[in-house]
file my_file11.cif (mmCIF, N, CA and C atoms)
data_upload
loop_
_atom_site.label_atom_id
_atom_site.label_comp_id
_atom_site.auth_asym_id
_atom_site.auth_seq_id
_atom_site.Cartn_x
_atom_site.Cartn_y
_atom_site.Cartn_z
N MET I 1 -3.55 -35.74 -2.29
CA MET I 1 -2.86 -35.01 -1.25
C MET I 1 -3.51 -35.35 0.09
N LYS I 2 -2.73 -35.44 1.11
CA LYS I 2 -3.21 -35.77 2.45
C LYS I 2 -4.11 -34.66 2.98
N ARG I 3 -5.08 -35.07 3.78
CA ARG I 3 -6.03 -34.11 4.34
C ARG I 3 -5.34 -33.05 5.19
N TRP I 4 -4.37 -33.45 6.00
CA TRP I 4 -3.67 -32.50 6.87
C TRP I 4 -2.88 -31.49 6.04
N ALA I 5 -2.37 -31.91 4.88
CA ALA I 5 -1.62 -30.99 4.02
C ALA I 5 -2.55 -29.95 3.42
N VAL I 6 -3.74 -30.39 3.02
CA VAL I 6 -4.72 -29.45 2.48
C VAL I 6 -5.14 -28.45 3.55
N GLN I 7 -5.37 -28.94 4.75
CA GLN I 7 -5.73 -28.05 5.85
C GLN I 7 -4.62 -27.04 6.14
N LEU I 8 -3.40 -27.51 6.11
CA LEU I 8 -2.26 -26.62 6.35
C LEU I 8 -2.16 -25.55 5.26
N LEU I 9 -2.38 -25.95 4.02
CA LEU I 9 -2.35 -24.97 2.92
C LEU I 9 -3.46 -23.93 3.07
N TRP I 10 -4.65 -24.36 3.48
CA TRP I 10 -5.73 -23.40 3.70
C TRP I 10 -5.39 -22.44 4.84
N LEU I 11 -4.79 -22.96 5.90
CA LEU I 11 -4.41 -22.09 7.01
C LEU I 11 -3.31 -21.11 6.59
N LEU I 12 -2.38 -21.58 5.78
CA LEU I 12 -1.36 -20.69 5.23
C LEU I 12 -2.00 -19.62 4.35
N TYR I 13 -2.96 -20.03 3.56
CA TYR I 13 -3.67 -19.06 2.71
C TYR I 13 -4.40 -18.03 3.58
N SER I 14 -4.94 -18.46 4.72
CA SER I 14 -5.63 -17.49 5.58
C SER I 14 -4.69 -16.39 6.05
N VAL I 15 -3.42 -16.72 6.27
CA VAL I 15 -2.43 -15.71 6.64
C VAL I 15 -2.21 -14.74 5.47
N ILE I 16 -2.13 -15.28 4.27
CA ILE I 16 -1.98 -14.43 3.07
C ILE I 16 -3.21 -13.54 2.91
N PHE I 17 -4.38 -14.11 3.15
CA PHE I 17 -5.63 -13.35 3.05
C PHE I 17 -5.64 -12.19 4.04
N VAL I 18 -5.19 -12.46 5.27
CA VAL I 18 -5.13 -11.39 6.27
C VAL I 18 -4.19 -10.28 5.81
N TYR I 19 -3.05 -10.64 5.26
CA TYR I 19 -2.10 -9.64 4.76
C TYR I 19 -2.76 -8.79 3.67
N LEU I 20 -3.44 -9.42 2.73
CA LEU I 20 -4.11 -8.67 1.66
C LEU I 20 -5.23 -7.79 2.22
N ALA I 21 -5.95 -8.31 3.20
CA ALA I 21 -7.04 -7.53 3.80
C ALA I 21 -6.50 -6.30 4.53
N VAL I 22 -5.43 -6.49 5.28
CA VAL I 22 -4.83 -5.35 5.99
C VAL I 22 -4.34 -4.31 4.99
N ALA I 23 -3.72 -4.76 3.92
CA ALA I 23 -3.26 -3.83 2.88
C ALA I 23 -4.43 -3.07 2.27
N ALA I 24 -5.54 -3.75 2.04
CA ALA I 24 -6.72 -3.10 1.46
C ALA I 24 -7.30 -2.06 2.41
N ILE I 25 -7.40 -2.41 3.68
CA ILE I 25 -7.97 -1.47 4.64
C ILE I 25 -7.04 -0.27 4.85
N ARG I 26 -5.73 -0.51 4.90
CA ARG I 26 -4.79 0.61 5.03
C ARG I 26 -4.92 1.55 3.82
N ASP I 27 -5.09 0.96 2.65
CA ASP I 27 -5.25 1.77 1.44
C ASP I 27 -6.56 2.56 1.49
N ASP I 28 -7.62 1.94 1.98
CA ASP I 28 -8.90 2.65 2.12
C ASP I 28 -8.76 3.83 3.07
N ILE I 29 -8.03 3.64 4.16
CA ILE I 29 -7.82 4.73 5.12
C ILE I 29 -6.95 5.82 4.49
N ARG I 30 -5.90 5.42 3.78
CA ARG I 30 -5.02 6.40 3.13
C ARG I 30 -5.77 7.23 2.10
N LEU I 31 -6.72 6.59 1.42
CA LEU I 31 -7.50 7.29 0.40
C LEU I 31 -8.67 8.07 0.99
N ALA I 32 -8.79 8.04 2.32
CA ALA I 32 -9.83 8.77 3.05
C ALA I 32 -11.24 8.32 2.67
N TYR I 33 -11.40 7.01 2.47
CA TYR I 33 -12.74 6.50 2.25
C TYR I 33 -13.53 6.71 3.53
N PRO I 34 -14.82 6.89 3.43
CA PRO I 34 -15.61 7.14 4.64
C PRO I 34 -15.61 5.94 5.60
N ALA I 35 -15.71 6.26 6.88
CA ALA I 35 -15.69 5.21 7.91
C ALA I 35 -16.86 4.26 7.75
N TYR I 36 -18.00 4.75 7.24
CA TYR I 36 -19.15 3.86 7.07
C TYR I 36 -18.91 2.81 5.99
N PHE I 37 -17.84 2.94 5.21
CA PHE I 37 -17.43 1.87 4.30
C PHE I 37 -16.24 1.10 4.88
N THR I 38 -15.26 1.80 5.41
CA THR I 38 -14.02 1.17 5.85
C THR I 38 -14.23 0.20 7.02
N VAL I 39 -15.03 0.59 8.00
CA VAL I 39 -15.25 -0.27 9.17
C VAL I 39 -15.99 -1.56 8.78
N PRO I 40 -17.10 -1.49 8.04
CA PRO I 40 -17.73 -2.75 7.64
C PRO I 40 -16.83 -3.61 6.74
N ALA I 41 -16.03 -2.97 5.90
CA ALA I 41 -15.11 -3.73 5.05
C ALA I 41 -14.09 -4.47 5.90
N ALA I 42 -13.55 -3.80 6.91
CA ALA I 42 -12.58 -4.46 7.80
C ALA I 42 -13.24 -5.62 8.54
N LEU I 43 -14.46 -5.42 9.01
CA LEU I 43 -15.17 -6.50 9.69
C LEU I 43 -15.45 -7.66 8.74
N SER I 44 -15.78 -7.35 7.49
CA SER I 44 -16.07 -8.44 6.55
C SER I 44 -14.81 -9.23 6.23
N TYR I 45 -13.66 -8.56 6.15
CA TYR I 45 -12.41 -9.29 5.94
C TYR I 45 -12.09 -10.18 7.14
N ALA I 46 -12.37 -9.68 8.34
CA ALA I 46 -12.13 -10.50 9.54
C ALA I 46 -13.04 -11.72 9.56
N VAL I 47 -14.31 -11.53 9.23
CA VAL I 47 -15.26 -12.64 9.19
C VAL I 47 -14.87 -13.62 8.08
N ALA I 48 -14.44 -13.10 6.93
CA ALA I 48 -14.01 -13.97 5.83
C ALA I 48 -12.80 -14.80 6.25
N THR I 49 -11.90 -14.21 7.00
CA THR I 49 -10.74 -14.96 7.50
C THR I 49 -11.18 -16.07 8.44
N CYS I 50 -12.15 -15.79 9.28
CA CYS I 50 -12.70 -16.85 10.15
C CYS I 50 -13.32 -17.96 9.31
N GLY I 51 -14.01 -17.58 8.25
CA GLY I 51 -14.61 -18.57 7.36
C GLY I 51 -13.57 -19.45 6.69
N ILE I 52 -12.45 -18.87 6.32
CA ILE I 52 -11.37 -19.66 5.72
C ILE I 52 -10.84 -20.66 6.73
N SER I 53 -10.68 -20.22 7.98
CA SER I 53 -10.20 -21.12 9.03
C SER I 53 -11.20 -22.22 9.32
N VAL I 54 -12.48 -21.89 9.34
CA VAL I 54 -13.51 -22.90 9.55
C VAL I 54 -13.48 -23.92 8.42
N HIS I 55 -13.32 -23.44 7.20
CA HIS I 55 -13.24 -24.35 6.05
C HIS I 55 -11.99 -25.22 6.16
N ALA I 56 -10.88 -24.63 6.55
CA ALA I 56 -9.62 -25.38 6.63
C ALA I 56 -9.71 -26.48 7.68
N LEU I 57 -10.29 -26.16 8.81
CA LEU I 57 -10.35 -27.13 9.90
C LEU I 57 -11.58 -28.03 9.84
N ARG I 58 -12.45 -27.75 8.89
CA ARG I 58 -13.66 -28.55 8.65
C ARG I 58 -14.49 -28.73 9.91
N TRP I 59 -14.82 -27.60 10.51
CA TRP I 59 -15.66 -27.62 11.69
C TRP I 59 -17.12 -27.67 11.24
N PRO I 60 -17.74 -28.83 11.32
CA PRO I 60 -19.14 -28.91 10.88
C PRO I 60 -20.07 -28.32 11.93
N SER I 61 -21.00 -27.51 11.49
CA SER I 61 -21.97 -26.92 12.41
C SER I 61 -23.16 -26.43 11.59
N GLY I 62 -24.33 -26.95 11.91
CA GLY I 62 -25.54 -26.55 11.19
C GLY I 62 -25.89 -25.09 11.42
N SER I 63 -25.74 -24.62 12.65
CA SER I 63 -26.09 -23.22 12.93
C SER I 63 -25.08 -22.27 12.28
N LEU I 64 -23.82 -22.68 12.22
CA LEU I 64 -22.81 -21.85 11.55
C LEU I 64 -23.11 -21.75 10.06
N THR I 65 -23.53 -22.85 9.46
CA THR I 65 -23.87 -22.85 8.04
C THR I 65 -25.03 -21.90 7.78
N LEU I 66 -26.04 -21.93 8.63
CA LEU I 66 -27.18 -21.02 8.45
C LEU I 66 -26.75 -19.57 8.59
N LEU I 67 -25.90 -19.29 9.58
CA LEU I 67 -25.39 -17.93 9.75
C LEU I 67 -24.59 -17.49 8.53
N TRP I 68 -23.72 -18.39 8.04
CA TRP I 68 -22.86 -18.04 6.90
C TRP I 68 -23.67 -17.81 5.63
N ARG I 69 -24.79 -18.49 5.49
CA ARG I 69 -25.65 -18.25 4.33
C ARG I 69 -26.22 -16.85 4.34
N ARG I 70 -26.43 -16.32 5.53
CA ARG I 70 -26.97 -14.96 5.63
C ARG I 70 -25.90 -13.89 5.40
N ILE I 71 -24.69 -14.16 5.88
CA ILE I 71 -23.66 -13.12 5.78
C ILE I 71 -22.80 -13.24 4.52
N PHE I 72 -22.85 -14.38 3.84
CA PHE I 72 -22.02 -14.57 2.66
C PHE I 72 -22.26 -13.49 1.59
N PRO I 73 -23.50 -13.13 1.26
CA PRO I 73 -23.68 -12.06 0.25
C PRO I 73 -23.03 -10.73 0.65
N ILE I 74 -23.02 -10.44 1.94
CA ILE I 74 -22.37 -9.21 2.41
C ILE I 74 -20.86 -9.33 2.24
N LEU I 75 -20.31 -10.52 2.54
CA LEU I 75 -18.87 -10.74 2.38
C LEU I 75 -18.43 -10.54 0.93
N ILE I 76 -19.30 -10.88 0.00
CA ILE I 76 -18.98 -10.70 -1.42
C ILE I 76 -19.18 -9.24 -1.84
N ALA I 77 -20.23 -8.61 -1.33
CA ALA I 77 -20.58 -7.26 -1.77
C ALA I 77 -19.54 -6.21 -1.39
N LEU I 78 -19.03 -6.27 -0.19
CA LEU I 78 -18.12 -5.21 0.26
C LEU I 78 -16.83 -5.10 -0.56
N PRO I 79 -16.13 -6.19 -0.88
CA PRO I 79 -14.95 -6.03 -1.74
C PRO I 79 -15.31 -5.54 -3.15
N LEU I 80 -16.47 -5.93 -3.65
CA LEU I 80 -16.88 -5.46 -4.97
C LEU I 80 -17.18 -3.96 -4.95
N ILE I 81 -17.78 -3.49 -3.87
CA ILE I 81 -17.99 -2.05 -3.71
C ILE I 81 -16.64 -1.34 -3.64
N GLY I 82 -15.68 -1.97 -2.94
CA GLY I 82 -14.33 -1.40 -2.86
C GLY I 82 -13.66 -1.29 -4.22
N VAL I 83 -13.87 -2.28 -5.08
CA VAL I 83 -13.30 -2.22 -6.43
C VAL I 83 -13.90 -1.05 -7.20
N VAL I 84 -15.21 -0.87 -7.08
CA VAL I 84 -15.87 0.24 -7.77
C VAL I 84 -15.34 1.57 -7.24
N LEU I 85 -15.20 1.69 -5.93
CA LEU I 85 -14.65 2.92 -5.36
C LEU I 85 -13.21 3.15 -5.84
N ASP I 86 -12.41 2.09 -5.87
CA ASP I 86 -11.03 2.23 -6.33
C ASP I 86 -10.95 2.65 -7.79
N ALA I 87 -11.95 2.29 -8.56
CA ALA I 87 -11.96 2.66 -9.98
C ALA I 87 -12.28 4.13 -10.17
N ILE I 88 -12.94 4.74 -9.19
CA ILE I 88 -13.43 6.10 -9.36
C ILE I 88 -12.75 7.13 -8.46
N VAL I 89 -12.60 6.81 -7.18
CA VAL I 89 -12.22 7.81 -6.17
C VAL I 89 -10.78 8.32 -6.25
N PRO I 90 -9.77 7.46 -6.22
CA PRO I 90 -8.41 8.02 -6.19
C PRO I 90 -8.13 8.84 -7.45
N GLU I 91 -7.62 10.03 -7.25
CA GLU I 91 -7.37 10.89 -8.40
C GLU I 91 -6.08 10.54 -9.13
N ASP I 92 -5.10 9.99 -8.41
CA ASP I 92 -3.81 9.72 -9.03
C ASP I 92 -3.71 8.35 -9.70
N TYR I 93 -4.51 7.37 -9.27
CA TYR I 93 -4.42 6.02 -9.84
C TYR I 93 -5.81 5.41 -9.84
N ASN I 94 -6.47 5.46 -10.98
CA ASN I 94 -7.79 4.86 -11.10
C ASN I 94 -7.96 4.30 -12.51
N LEU I 95 -9.13 3.81 -12.79
CA LEU I 95 -9.40 3.18 -14.09
C LEU I 95 -9.25 4.18 -15.23
N ARG I 96 -9.69 5.40 -15.02
CA ARG I 96 -9.62 6.41 -16.07
C ARG I 96 -8.18 6.84 -16.38
N THR I 97 -7.35 6.96 -15.34
CA THR I 97 -5.99 7.45 -15.56
C THR I 97 -5.00 6.38 -15.98
N HIS I 98 -5.23 5.12 -15.57
CA HIS I 98 -4.26 4.07 -15.85
C HIS I 98 -4.83 2.87 -16.60
N GLY I 99 -6.09 2.87 -16.89
CA GLY I 99 -6.74 1.90 -17.75
C GLY I 99 -6.34 0.45 -17.57
N LEU I 100 -5.61 -0.08 -18.57
CA LEU I 100 -5.28 -1.50 -18.60
C LEU I 100 -4.43 -1.91 -17.40
N ARG I 101 -3.50 -1.08 -16.97
CA ARG I 101 -2.67 -1.41 -15.82
C ARG I 101 -3.52 -1.55 -14.56
N TRP I 102 -4.49 -0.65 -14.39
CA TRP I 102 -5.39 -0.73 -13.25
C TRP I 102 -6.22 -2.01 -13.33
N LEU I 103 -6.75 -2.32 -14.51
CA LEU I 103 -7.55 -3.54 -14.69
C LEU I 103 -6.75 -4.79 -14.38
N LEU I 104 -5.50 -4.86 -14.84
CA LEU I 104 -4.67 -6.04 -14.59
C LEU I 104 -4.36 -6.20 -13.11
N LEU I 105 -4.05 -5.10 -12.45
CA LEU I 105 -3.76 -5.17 -11.01
C LEU I 105 -5.00 -5.56 -10.22
N THR I 106 -6.13 -5.03 -10.59
CA THR I 106 -7.39 -5.39 -9.92
C THR I 106 -7.72 -6.86 -10.16
N ALA I 107 -7.51 -7.33 -11.37
CA ALA I 107 -7.75 -8.75 -11.67
C ALA I 107 -6.83 -9.64 -10.84
N LEU I 108 -5.57 -9.24 -10.69
CA LEU I 108 -4.64 -10.02 -9.88
C LEU I 108 -5.11 -10.09 -8.43
N VAL I 109 -5.53 -8.98 -7.89
CA VAL I 109 -6.01 -8.95 -6.51
C VAL I 109 -7.24 -9.84 -6.36
N LEU I 110 -8.15 -9.77 -7.32
CA LEU I 110 -9.36 -10.60 -7.25
C LEU I 110 -9.01 -12.08 -7.35
N VAL I 111 -8.03 -12.43 -8.16
CA VAL I 111 -7.59 -13.83 -8.26
C VAL I 111 -6.98 -14.29 -6.94
N LEU I 112 -6.23 -13.41 -6.29
CA LEU I 112 -5.63 -13.77 -5.00
C LEU I 112 -6.68 -13.90 -3.89
N LEU I 113 -7.75 -13.14 -3.97
CA LEU I 113 -8.80 -13.19 -2.95
C LEU I 113 -9.83 -14.28 -3.21
N ALA I 114 -9.96 -14.73 -4.45
CA ALA I 114 -11.01 -15.68 -4.83
C ALA I 114 -11.03 -16.96 -3.99
N PRO I 115 -9.89 -17.60 -3.72
CA PRO I 115 -9.96 -18.82 -2.90
C PRO I 115 -10.57 -18.59 -1.52
N GLY I 116 -10.34 -17.43 -0.95
CA GLY I 116 -10.91 -17.13 0.35
C GLY I 116 -12.43 -17.07 0.30
N TYR I 117 -12.96 -16.49 -0.76
CA TYR I 117 -14.40 -16.41 -0.89
C TYR I 117 -14.99 -17.75 -1.30
N TYR I 118 -14.21 -18.56 -2.00
CA TYR I 118 -14.64 -19.93 -2.28
C TYR I 118 -14.76 -20.71 -0.97
N ALA I 119 -13.79 -20.56 -0.09
CA ALA I 119 -13.85 -21.25 1.21
C ALA I 119 -15.08 -20.81 1.99
N ASN I 120 -15.38 -19.53 1.97
CA ASN I 120 -16.56 -19.04 2.67
C ASN I 120 -17.84 -19.55 2.02
N PHE I 121 -17.85 -19.67 0.71
CA PHE I 121 -18.98 -20.25 0.00
C PHE I 121 -19.19 -21.70 0.45
N ARG I 122 -18.09 -22.43 0.59
CA ARG I 122 -18.18 -23.83 1.02
C ARG I 122 -18.70 -23.94 2.46
N VAL I 123 -18.34 -22.98 3.31
CA VAL I 123 -18.86 -22.99 4.68
C VAL I 123 -20.39 -22.75 4.65
N ALA I 124 -20.82 -21.83 3.79
CA ALA I 124 -22.23 -21.49 3.72
C ALA I 124 -23.07 -22.57 3.03
N TYR I 125 -22.53 -23.17 2.00
CA TYR I 125 -23.33 -24.08 1.16
C TYR I 125 -22.64 -25.43 1.00
N ARG I 126 -22.39 -26.13 2.10
CA ARG I 126 -21.76 -27.44 2.03
C ARG I 126 -22.66 -28.44 1.36
#

call {"tool": "encode", "arguments": {"input": "my_file11.cif", "output": "C-alpha cells"}}
result
Amino acid sequence: MKRWAVQLLWLLYSVIFVYLAVAAIRDDIRLAYPAYFTVPAALSYAVATCGISVHALRWPSGSLTLLWRRIFPILIALPLIGVVLDAIVPEDYNLRTHGLRWLLLTALVLVLLAPGYYANFRVAYR
C-alpha cells in the first residue's frame, strides 16, 4: 500500500478515535464520575489523538519521543481505570448486572481503541 494511503487511513482513524473519546467523556459526565478522573481522561484522549496524528504524518523528533515515553503509561492507565469504573459504578449497566454483554461491548471498545494506542506506542518507542 502506498505511504500516502496509509497516512490517510491513520488520519481517518484519528477522527474515529476522537468520536469514541468524546462519547466516552460524555458518558463519564453523564454517570457523574468525579472531575479529578474526567478531566485527566479527556486530556489523555486529546494527547492520544495528537500522538495518532504524529504517527500518521511521521514527524520525527527526538525530544517528542522522549516526552511520549514519559506520558505513554499515563495514556494507557486512564482508559483502563475507566473500564474498571464502568464495571463497578453505573447501577443500571455494569459487569454484575449484564455480565457477558458488558464484557463483549467493552472488548469491542478496546479493539476499536487499540490501534490508537499502538500508534502512540510507535511514537514513544520507534

call {"tool": "resolve_selection", "arguments": {"input": "my_file11.cif", "expression": "the PyMOL selection byres (((chain I and resi 23-37 and name CA) around 10) and name CA)", "output": "short mmCIF file (atom, residue, chain, number, x, y, z; two decimals) with N, CA and C atoms, in the coordinates of the input"}}
result
data_model
loop_
_atom_site.label_atom_id
_atom_site.label_comp_id
_atom_site.auth_asym_id
_atom_site.auth_seq_id
_atom_site.Cartn_x
_atom_site.Cartn_y
_atom_site.Cartn_z
N PHE I 17 -4.38 -14.11 3.15
CA PHE I 17 -5.63 -13.35 3.05
C PHE I 17 -5.64 -12.19 4.04
N VAL I 18 -5.19 -12.46 5.27
CA VAL I 18 -5.13 -11.39 6.27
C VAL I 18 -4.19 -10.28 5.81
N TYR I 19 -3.05 -10.64 5.26
CA TYR I 19 -2.10 -9.64 4.76
C TYR I 19 -2.76 -8.79 3.67
N LEU I 20 -3.44 -9.42 2.73
CA LEU I 20 -4.11 -8.67 1.66
C LEU I 20 -5.23 -7.79 2.22
N ALA I 21 -5.95 -8.31 3.20
CA ALA I 21 -7.04 -7.53 3.80
C ALA I 21 -6.50 -6.30 4.53
N VAL I 22 -5.43 -6.49 5.28
CA VAL I 22 -4.83 -5.35 5.99
C VAL I 22 -4.34 -4.31 4.99
N THR I 38 -15.26 1.80 5.41
CA THR I 38 -14.02 1.17 5.85
C THR I 38 -14.23 0.20 7.02
N VAL I 39 -15.03 0.59 8.00
CA VAL I 39 -15.25 -0.27 9.17
C VAL I 39 -15.99 -1.56 8.78
N PRO I 40 -17.10 -1.49 8.04
CA PRO I 40 -17.73 -2.75 7.64
C PRO I 40 -16.83 -3.61 6.74
N ALA I 41 -16.03 -2.97 5.90
CA ALA I 41 -15.11 -3.73 5.05
C ALA I 41 -14.09 -4.47 5.90
N ALA I 42 -13.55 -3.80 6.91
CA ALA I 42 -12.58 -4.46 7.80
C ALA I 42 -13.24 -5.62 8.54
N TYR I 45 -13.66 -8.56 6.15
CA TYR I 45 -12.41 -9.29 5.94
C TYR I 45 -12.09 -10.18 7.14
N LEU I 78 -19.03 -6.27 -0.19
CA LEU I 78 -18.12 -5.21 0.26
C LEU I 78 -16.83 -5.10 -0.56
N PRO I 79 -16.13 -6.19 -0.88
CA PRO I 79 -14.95 -6.03 -1.74
C PRO I 79 -15.31 -5.54 -3.15
N ILE I 81 -17.78 -3.49 -3.87
CA ILE I 81 -17.99 -2.05 -3.71
C ILE I 81 -16.64 -1.34 -3.64
N GLY I 82 -15.68 -1.97 -2.94
CA GLY I 82 -14.33 -1.40 -2.86
C GLY I 82 -13.66 -1.29 -4.22
N LEU I 85 -15.20 1.69 -5.93
CA LEU I 85 -14.65 2.92 -5.36
C LEU I 85 -13.21 3.15 -5.84
N ASP I 86 -12.41 2.09 -5.87
CA ASP I 86 -11.03 2.23 -6.33
C ASP I 86 -10.95 2.65 -7.79
N VAL I 89 -12.60 6.81 -7.18
CA VAL I 89 -12.22 7.81 -6.17
C VAL I 89 -10.78 8.32 -6.25
N PRO I 90 -9.77 7.46 -6.22
CA PRO I 90 -8.41 8.02 -6.19
C PRO I 90 -8.13 8.84 -7.45
N GLU I 91 -7.62 10.03 -7.25
CA GLU I 91 -7.37 10.89 -8.40
C GLU I 91 -6.08 10.54 -9.13
N VAL I 109 -5.53 -8.98 -7.89
CA VAL I 109 -6.01 -8.95 -6.51
C VAL I 109 -7.24 -9.84 -6.36
#

call {"tool": "atom_distance", "arguments": {"input": "my_file11.cif", "atom1": "atom CA of I:Ala46", "atom2": "atom CA of I:Ala87"}}
result
23.5 Å

call {"tool": "resolve_selection", "arguments": {"input": "my_file11.cif", "expression": "the PyMOL selection byres (((chain I and resi 14 and name CA) around 9) and name CA)", "output": "PyMOL selection string"}}
result
chain I and resi 9-13+15-19+49-50+52-53+56+116

call {"tool": "write_last_selection", "arguments": {"input": "my_file11.cif", "atoms": "N, CA and C atoms", "output": "PDB file, in the frame of the given file"}}
result
ATOM      1  N   LEU I   9      -2.380 -25.950   4.020  1.00  0.00           N
ATOM      2  CA  LEU I   9      -2.350 -24.970   2.920  1.00  0.00           C
ATOM      3  C   LEU I   9      -3.460 -23.930   3.070  1.00  0.00           C
ATOM      4  N   TRP I  10      -4.650 -24.360   3.480  1.00  0.00           N
ATOM      5  CA  TRP I  10      -5.730 -23.400   3.700  1.00  0.00           C
ATOM      6  C   TRP I  10      -5.390 -22.440   4.840  1.00  0.00           C
ATOM      7  N   LEU I  11      -4.790 -22.960   5.900  1.00  0.00           N
ATOM      8  CA  LEU I  11      -4.410 -22.090   7.010  1.00  0.00           C
ATOM      9  C   LEU I  11      -3.310 -21.110   6.590  1.00  0.00           C
ATOM     10  N   LEU I  12      -2.380 -21.580   5.780  1.00  0.00           N
ATOM     11  CA  LEU I  12      -1.360 -20.690   5.230  1.00  0.00           C
ATOM     12  C   LEU I  12      -2.000 -19.620   4.350  1.00  0.00           C
ATOM     13  N   TYR I  13      -2.960 -20.030   3.560  1.00  0.00           N
ATOM     14  CA  TYR I  13      -3.670 -19.060   2.710  1.00  0.00           C
ATOM     15  C   TYR I  13      -4.400 -18.030   3.580  1.00  0.00           C
ATOM     16  N   VAL I  15      -3.420 -16.720   6.270  1.00  0.00           N
ATOM     17  CA  VAL I  15      -2.430 -15.710   6.640  1.00  0.00           C
ATOM     18  C   VAL I  15      -2.210 -14.740   5.470  1.00  0.00           C
ATOM     19  N   ILE I  16      -2.130 -15.280   4.270  1.00  0.00           N
ATOM     20  CA  ILE I  16      -1.980 -14.430   3.070  1.00  0.00           C
ATOM     21  C   ILE I  16      -3.210 -13.540   2.910  1.00  0.00           C
ATOM     22  N   PHE I  17      -4.380 -14.110   3.150  1.00  0.00           N
ATOM     23  CA  PHE I  17      -5.630 -13.350   3.050  1.00  0.00           C
ATOM     24  C   PHE I  17      -5.640 -12.190   4.040  1.00  0.00           C
ATOM     25  N   VAL I  18      -5.190 -12.460   5.270  1.00  0.00           N
ATOM     26  CA  VAL I  18      -5.130 -11.390   6.270  1.00  0.00           C
ATOM     27  C   VAL I  18      -4.190 -10.280   5.810  1.00  0.00           C
ATOM     28  N   TYR I  19      -3.050 -10.640   5.260  1.00  0.00           N
ATOM     29  CA  TYR I  19      -2.100  -9.640   4.760  1.00  0.00           C
ATOM     30  C   TYR I  19      -2.760  -8.790   3.670  1.00  0.00           C
ATOM     31  N   THR I  49     -11.900 -14.210   7.000  1.00  0.00           N
ATOM     32  CA  THR I  49     -10.740 -14.960   7.500  1.00  0.00           C
ATOM     33  C   THR I  49     -11.180 -16.070   8.440  1.00  0.00           C
ATOM     34  N   CYS I  50     -12.150 -15.790   9.280  1.00  0.00           N
ATOM     35  CA  CYS I  50     -12.700 -16.850  10.150  1.00  0.00           C
ATOM     36  C   CYS I  50     -13.320 -17.960   9.310  1.00  0.00           C
ATOM     37  N   ILE I  52     -12.450 -18.870   6.320  1.00  0.00           N
ATOM     38  CA  ILE I  52     -11.370 -19.660   5.720  1.00  0.00           C
ATOM     39  C   ILE I  52     -10.840 -20.660   6.730  1.00  0.00           C
ATOM     40  N   SER I  53     -10.680 -20.220   7.980  1.00  0.00           N
ATOM     41  CA  SER I  53     -10.200 -21.120   9.030  1.00  0.00           C
ATOM     42  C   SER I  53     -11.200 -22.220   9.320  1.00  0.00           C
ATOM     43  N   ALA I  56     -10.880 -24.630   6.550  1.00  0.00           N
ATOM     44  CA  ALA I  56      -9.620 -25.380   6.630  1.00  0.00           C
ATOM     45  C   ALA I  56      -9.710 -26.480   7.680  1.00  0.00           C
ATOM     46  N   GLY I 116     -10.340 -17.430  -0.950  1.00  0.00           N
ATOM     47  CA  GLY I 116     -10.910 -17.130   0.350  1.00  0.00           C
ATOM     48  C   GLY I 116     -12.430 -17.070   0.300  1.00  0.00           C
TER      49      GLY I 116
END

call {"tool": "resolve_selection", "arguments": {"input": "my_file11.cif", "expression": "the PyMOL selection byres (((chain I and resi 106 and name CA) around 12) and name CA)", "output": "PyMOL selection string"}}
result
chain I and resi 24+79-80+82-87+93-95+98-105+107-113

call {"tool": "axis_aligned_box", "arguments": {"input": "my_file11.cif", "around": "stretch 24-28 of chain I", "padding_each_side": "3 Å", "output": "lines of an AutoDock Vina configuration file"}}
result
center_x = -6.8
center_y = 0.0
center_z = 3.2
size_x = 10.1
size_y = 13.6
size_z = 9.6

call {"tool": "closest_residue", "arguments": {"input": "my_file11.cif", "among": "I:Ala5, I:Leu75, I:Leu64, I:Val123", "to": "I:Ala48", "atoms": "only C-alpha atoms"}}
result
I:Leu75

call {"tool": "atom_distance", "arguments": {"input": "my_file11.cif", "atom1": "atom C of I:Arg3", "atom2": "atom N of I:Ile74"}}
result
28.9 Å

call {"tool": "atom_distance", "arguments": {"input": "my_file11.cif", "atom1": "atom CA of I:Ser44", "atom2": "atom C of I:Tyr125"}}
result
19.0 Å

call {"tool": "closest_residue", "arguments": {"input": "my_file11.cif", "among": "I:Val54, I:Lys2, I:Ile71, I:Asp92", "to": "I:Ala119", "atoms": "only N, CA and C atoms"}}
result
I:Val54

call {"tool": "closest_residue", "arguments": {"input": "my_file11.cif", "among": "I:Thr65, I:Arg96, I:Gln7, I:Arg70", "to": "I:Arg126", "atoms": "only N, CA and C atoms"}}
result
I:Thr65
